[in-house]
Amino acid sequence: MKATLIHNPGDVRLEDVPDPQLHADTDGLVRVVASCICGSDLWPYRGANTFDEPWRIGHEFVGVVELIGDAVQTVGVGDFVIAPFVWSDGTCPMCQRGVQTSCDNGGGWGGEDADGNPVDAGQGEWVRVPMADGTLVATPSDPTRR
Ligand SMILES: [Zn+2]
């Protein structure tokens, strides 16, 4: 699939990356319809923070669930969903307080999950979403269809 990687400040490239696949029964696979450019994507773009290797960028995407693991219960295939700034379990004390960005078990897009599997970022064709139940929010209807 195609996804963006930042190589250096001011240097974002659209490249071929491995297609995502489910790694856990709590994962979902989302086909991205739109993705934001987050302020935290702009920090490395401006050179405000450093990094050694190119990495995937993009947060806060929306899209359609195309595949779910057997344990996913709150979203289903075909749902139009919103993915927030981070992925999170939705069950830990921090998530229960509404501070999903500090989830005890979650993480950031473009990083790795607890098992060391890569987690896609939002600026790509597809995203594997760890902890899909805690992370994704389904909209009442598909806003792209009127
Ligand atoms: Zn949590």
# chains A, B, ... in the order shown; residues from 1 in each chain; ligands from 1
call {"tool": "closest_atom_pairs", "arguments": {"of": "chain A", "to": "ligand 1", "cutoff": "10 Å", "atoms": "only C-alpha atoms and all ligand atoms", "output": "JSON lines"}}
result
{"residue": "A:Trp87", "atom": "CA", "partner": "ligand 1", "partner_atom_place_in_ligand_line": "1 (Zn)", "distance": 8.7}
{"residue": "A:Ser88", "atom": "CA", "partner": "ligand 1", "partner_atom_place_in_ligand_line": "1 (Zn)", "distance": 5.0}
{"residue": "A:Asp89", "atom": "CA", "partner": "ligand 1", "partner_atom_place_in_ligand_line": "1 (Zn)", "distance": 4.4}
{"residue": "A:Gly90", "atom": "CA", "partner": "ligand 1", "partner_atom_place_in_ligand_line": "1 (Zn)", "distance": 4.7}
{"residue": "A:Thr91", "atom": "CA", "partner": "ligand 1", "partner_atom_place_in_ligand_line": "1 (Zn)", "distance": 5.2}
{"residue": "A:Cys92", "atom": "CA", "partner": "ligand 1", "partner_atom_place_in_ligand_line": "1 (Zn)", "distance": 4.0}
{"residue": "A:Pro93", "atom": "CA", "partner": "ligand 1", "partner_atom_place_in_ligand_line": "1 (Zn)", "distance": 6.6}
{"residue": "A:Met94", "atom": "CA", "partner": "ligand 1", "partner_atom_place_in_ligand_line": "1 (Zn)", "distance": 5.6}
{"residue": "A:Cys95", "atom": "CA", "partner": "ligand 1", "partner_atom_place_in_ligand_line": "1 (Zn)", "distance": 4.2}
{"residue": "A:Gln96", "atom": "CA", "partner": "ligand 1", "partner_atom_place_in_ligand_line": "1 (Zn)", "distance": 7.2}
{"residue": "A:Arg97", "atom": "CA", "partner": "ligand 1", "partner_atom_place_in_ligand_line": "1 (Zn)", "distance": 9.2}
{"residue": "A:Gly98", "atom": "CA", "partner": "ligand 1", "partner_atom_place_in_ligand_line": "1 (Zn)", "distance": 8.9}
{"residue": "A:Val99", "atom": "CA", "partner": "ligand 1", "partner_atom_place_in_ligand_line": "1 (Zn)", "distance": 7.9}
{"residue": "A:Gln100", "atom": "CA", "partner": "ligand 1", "partner_atom_place_in_ligand_line": "1 (Zn)", "distance": 5.7}
{"residue": "A:Thr101", "atom": "CA", "partner": "ligand 1", "partner_atom_place_in_ligand_line": "1 (Zn)", "distance": 8.1}
{"residue": "A:Ser102", "atom": "CA", "partner": "ligand 1", "partner_atom_place_in_ligand_line": "1 (Zn)", "distance": 7.0}
{"residue": "A:Cys103", "atom": "CA", "partner": "ligand 1", "partner_atom_place_in_ligand_line": "1 (Zn)", "distance": 3.5}
{"residue": "A:Asp104", "atom": "CA", "partner": "ligand 1", "partner_atom_place_in_ligand_line": "1 (Zn)", "distance": 5.0}
{"residue": "A:Asn105", "atom": "CA", "partner": "ligand 1", "partner_atom_place_in_ligand_line": "1 (Zn)", "distance": 5.6}
{"residue": "A:Gly106", "atom": "CA", "partner": "ligand 1", "partner_atom_place_in_ligand_line": "1 (Zn)", "distance": 6.1}
{"residue": "A:Gly107", "atom": "CA", "partner": "ligand 1", "partner_atom_place_in_ligand_line": "1 (Zn)", "distance": 9.5}
{"residue": "A:Met131", "atom": "CA", "partner": "ligand 1", "partner_atom_place_in_ligand_line": "1 (Zn)", "distance": 9.6}
{"residue": "A:Gly134", "atom": "CA", "partner": "ligand 1", "partner_atom_place_in_ligand_line": "1 (Zn)", "distance": 7.6}
{"residue": "A:Thr135", "atom": "CA", "partner": "ligand 1", "partner_atom_place_in_ligand_line": "1 (Zn)", "distance": 9.3}
call {"tool": "residues_around", "arguments": {"residues": "Val119 of chain A", "least_positions_apart": "2", "cutoff": "12 Å", "atoms": "only C-alpha atoms", "output": "NGL selection string"}}
result
:A and (17-24 or 27-29 or 55-59 or 86-87 or 106-117 or 121-122 or 124 or 126-131)
call {"tool": "select_by_dssp", "arguments": {"residues": "segment 83-144 of chain A", "states": "strand (DSSP E or B)", "output": "compact mmCIF listing (two decimals) with all heavy atoms, in the first residue's frame"}}
result
# COMPACT_ATOMS: atom_id res chain seq x y z
N VAL A 86 -4.46 8.82 19.45
CA VAL A 86 -3.70 7.63 19.85
C VAL A 86 -4.63 6.42 19.80
O VAL A 86 -5.84 6.55 19.70
CB VAL A 86 -3.14 7.76 21.28
CG1 VAL A 86 -2.14 8.90 21.36
CG2 VAL A 86 -4.27 7.95 22.29
N TRP A 87 -4.06 5.23 19.89
CA TRP A 87 -4.88 4.04 20.08
C TRP A 87 -4.84 3.68 21.56
O TRP A 87 -3.84 3.92 22.24
CB TRP A 87 -4.44 2.89 19.18
CG TRP A 87 -2.97 2.57 19.18
CD1 TRP A 87 -2.00 3.16 18.41
CD2 TRP A 87 -2.29 1.60 19.98
NE1 TRP A 87 -0.77 2.61 18.69
CE2 TRP A 87 -0.92 1.64 19.64
CE3 TRP A 87 -2.71 0.69 20.94
CZ2 TRP A 87 0.02 0.81 20.23
CZ3 TRP A 87 -1.77 -0.14 21.53
CH2 TRP A 87 -0.42 -0.08 21.18
N GLY A 107 -0.86 3.40 22.64
CA GLY A 107 0.35 3.93 22.02
C GLY A 107 0.03 4.87 20.88
O GLY A 107 -1.13 5.18 20.61
N GLY A 108 1.08 5.29 20.22
CA GLY A 108 0.93 6.25 19.12
C GLY A 108 0.94 5.58 17.77
O GLY A 108 1.50 4.51 17.58
N GLU A 112 4.90 1.00 17.58
CA GLU A 112 4.77 -0.45 17.71
C GLU A 112 3.77 -0.76 18.81
O GLU A 112 3.58 0.04 19.72
CB GLU A 112 6.11 -1.10 18.08
CG GLU A 112 7.16 -1.01 17.01
CD GLU A 112 8.45 -1.70 17.44
OE1 GLU A 112 8.65 -1.93 18.65
OE2 GLU A 112 9.26 -2.01 16.55
N PRO A 118 4.49 -3.58 14.11
CA PRO A 118 4.33 -2.19 13.67
C PRO A 118 2.87 -1.76 13.68
O PRO A 118 1.97 -2.56 13.39
CB PRO A 118 4.89 -2.20 12.24
CG PRO A 118 4.78 -3.63 11.80
CD PRO A 118 4.93 -4.47 13.03
N GLY A 124 -2.05 6.92 5.22
CA GLY A 124 -1.80 5.74 4.39
C GLY A 124 -3.13 5.21 3.92
O GLY A 124 -4.19 5.69 4.31
N TRP A 126 -4.34 2.17 4.41
CA TRP A 126 -4.92 1.27 5.39
C TRP A 126 -4.23 1.49 6.73
O TRP A 126 -3.06 1.87 6.76
CB TRP A 126 -4.71 -0.19 4.97
CG TRP A 126 -5.35 -0.56 3.68
CD1 TRP A 126 -4.88 -0.29 2.42
CD2 TRP A 126 -6.58 -1.23 3.51
NE1 TRP A 126 -5.75 -0.78 1.49
CE2 TRP A 126 -6.80 -1.37 2.12
CE3 TRP A 126 -7.53 -1.76 4.40
CZ2 TRP A 126 -7.92 -2.00 1.61
CZ3 TRP A 126 -8.64 -2.39 3.89
CH2 TRP A 126 -8.83 -2.50 2.51
N VAL A 127 -4.93 1.18 7.80
CA VAL A 127 -4.33 1.24 9.13
C VAL A 127 -4.79 0.03 9.93
O VAL A 127 -5.98 -0.24 10.04
CB VAL A 127 -4.73 2.53 9.90
CG1 VAL A 127 -4.20 2.48 11.33
CG2 VAL A 127 -4.20 3.76 9.18
N ARG A 128 -3.81 -0.70 10.50
CA ARG A 128 -4.17 -1.72 11.50
C ARG A 128 -4.37 -0.96 12.80
O ARG A 128 -3.50 -0.21 13.23
CB ARG A 128 -3.05 -2.74 11.68
CG ARG A 128 -3.38 -3.73 12.80
CD ARG A 128 -2.30 -4.76 12.99
NE ARG A 128 -1.12 -4.24 13.64
CZ ARG A 128 -0.90 -4.27 14.96
NH1 ARG A 128 -1.80 -4.77 15.78
NH2 ARG A 128 0.23 -3.79 15.46
N VAL A 129 -5.51 -1.15 13.42
CA VAL A 129 -5.86 -0.44 14.64
C VAL A 129 -5.81 -1.42 15.81
O VAL A 129 -6.69 -2.28 15.94
CB VAL A 129 -7.26 0.19 14.54
CG1 VAL A 129 -7.65 0.87 15.84
CG2 VAL A 129 -7.32 1.17 13.38
N VAL A 137 -14.41 4.85 17.03
CA VAL A 137 -15.77 5.28 17.31
C VAL A 137 -16.54 5.25 16.00
O VAL A 137 -16.16 5.93 15.03
CB VAL A 137 -15.80 6.71 17.90
CG1 VAL A 137 -17.24 7.17 18.11
CG2 VAL A 137 -15.00 6.75 19.20
N ALA A 138 -17.59 4.46 15.96
CA ALA A 138 -18.40 4.36 14.74
C ALA A 138 -19.38 5.52 14.67
O ALA A 138 -19.98 5.91 15.68
CB ALA A 138 -19.16 3.03 14.72
call {"tool": "residues_around", "arguments": {"residues": "Thr144 of chain A", "least_positions_apart": "3", "cutoff": "10 Å", "atoms": "only C-alpha atoms", "output": "list of chain:residue names"}}
result
A:Val33, A:Gly63, A:Phe80, A:Ser141
call {"tool": "write_last_selection", "arguments": {"atoms": "N, CA and C atoms", "output": "mmCIF file, in the first residue's frame"}}
result
data_model
loop_
_atom_site.group_PDB
_atom_site.id
_atom_site.type_symbol
_atom_site.label_atom_id
_atom_site.label_comp_id
_atom_site.auth_asym_id
_atom_site.auth_seq_id
_atom_site.Cartn_x
_atom_site.Cartn_y
_atom_site.Cartn_z
ATOM 1 N N VAL A 33 -10.249 6.954 4.624
ATOM 2 C CA VAL A 33 -10.966 7.840 3.702
ATOM 3 C C VAL A 33 -10.358 9.245 3.743
ATOM 4 N N GLY A 63 -12.365 6.444 8.366
ATOM 5 C CA GLY A 63 -12.389 5.441 7.315
ATOM 6 C C GLY A 63 -13.431 4.377 7.570
ATOM 7 N N PHE A 80 -18.371 3.107 9.386
ATOM 8 C CA PHE A 80 -17.531 4.293 9.187
ATOM 9 C C PHE A 80 -17.060 4.707 10.574
ATOM 10 N N SER A 141 -23.986 6.870 10.783
ATOM 11 C CA SER A 141 -24.160 6.516 9.374
ATOM 12 C C SER A 141 -22.866 6.876 8.650
#
call {"tool": "closest_residue", "arguments": {"among": "A:Leu136, A:Ala71, A:Leu5, A:Cys36", "to": "Ala83 of chain A", "atoms": "only C-alpha atoms"}}
result
A:Leu136
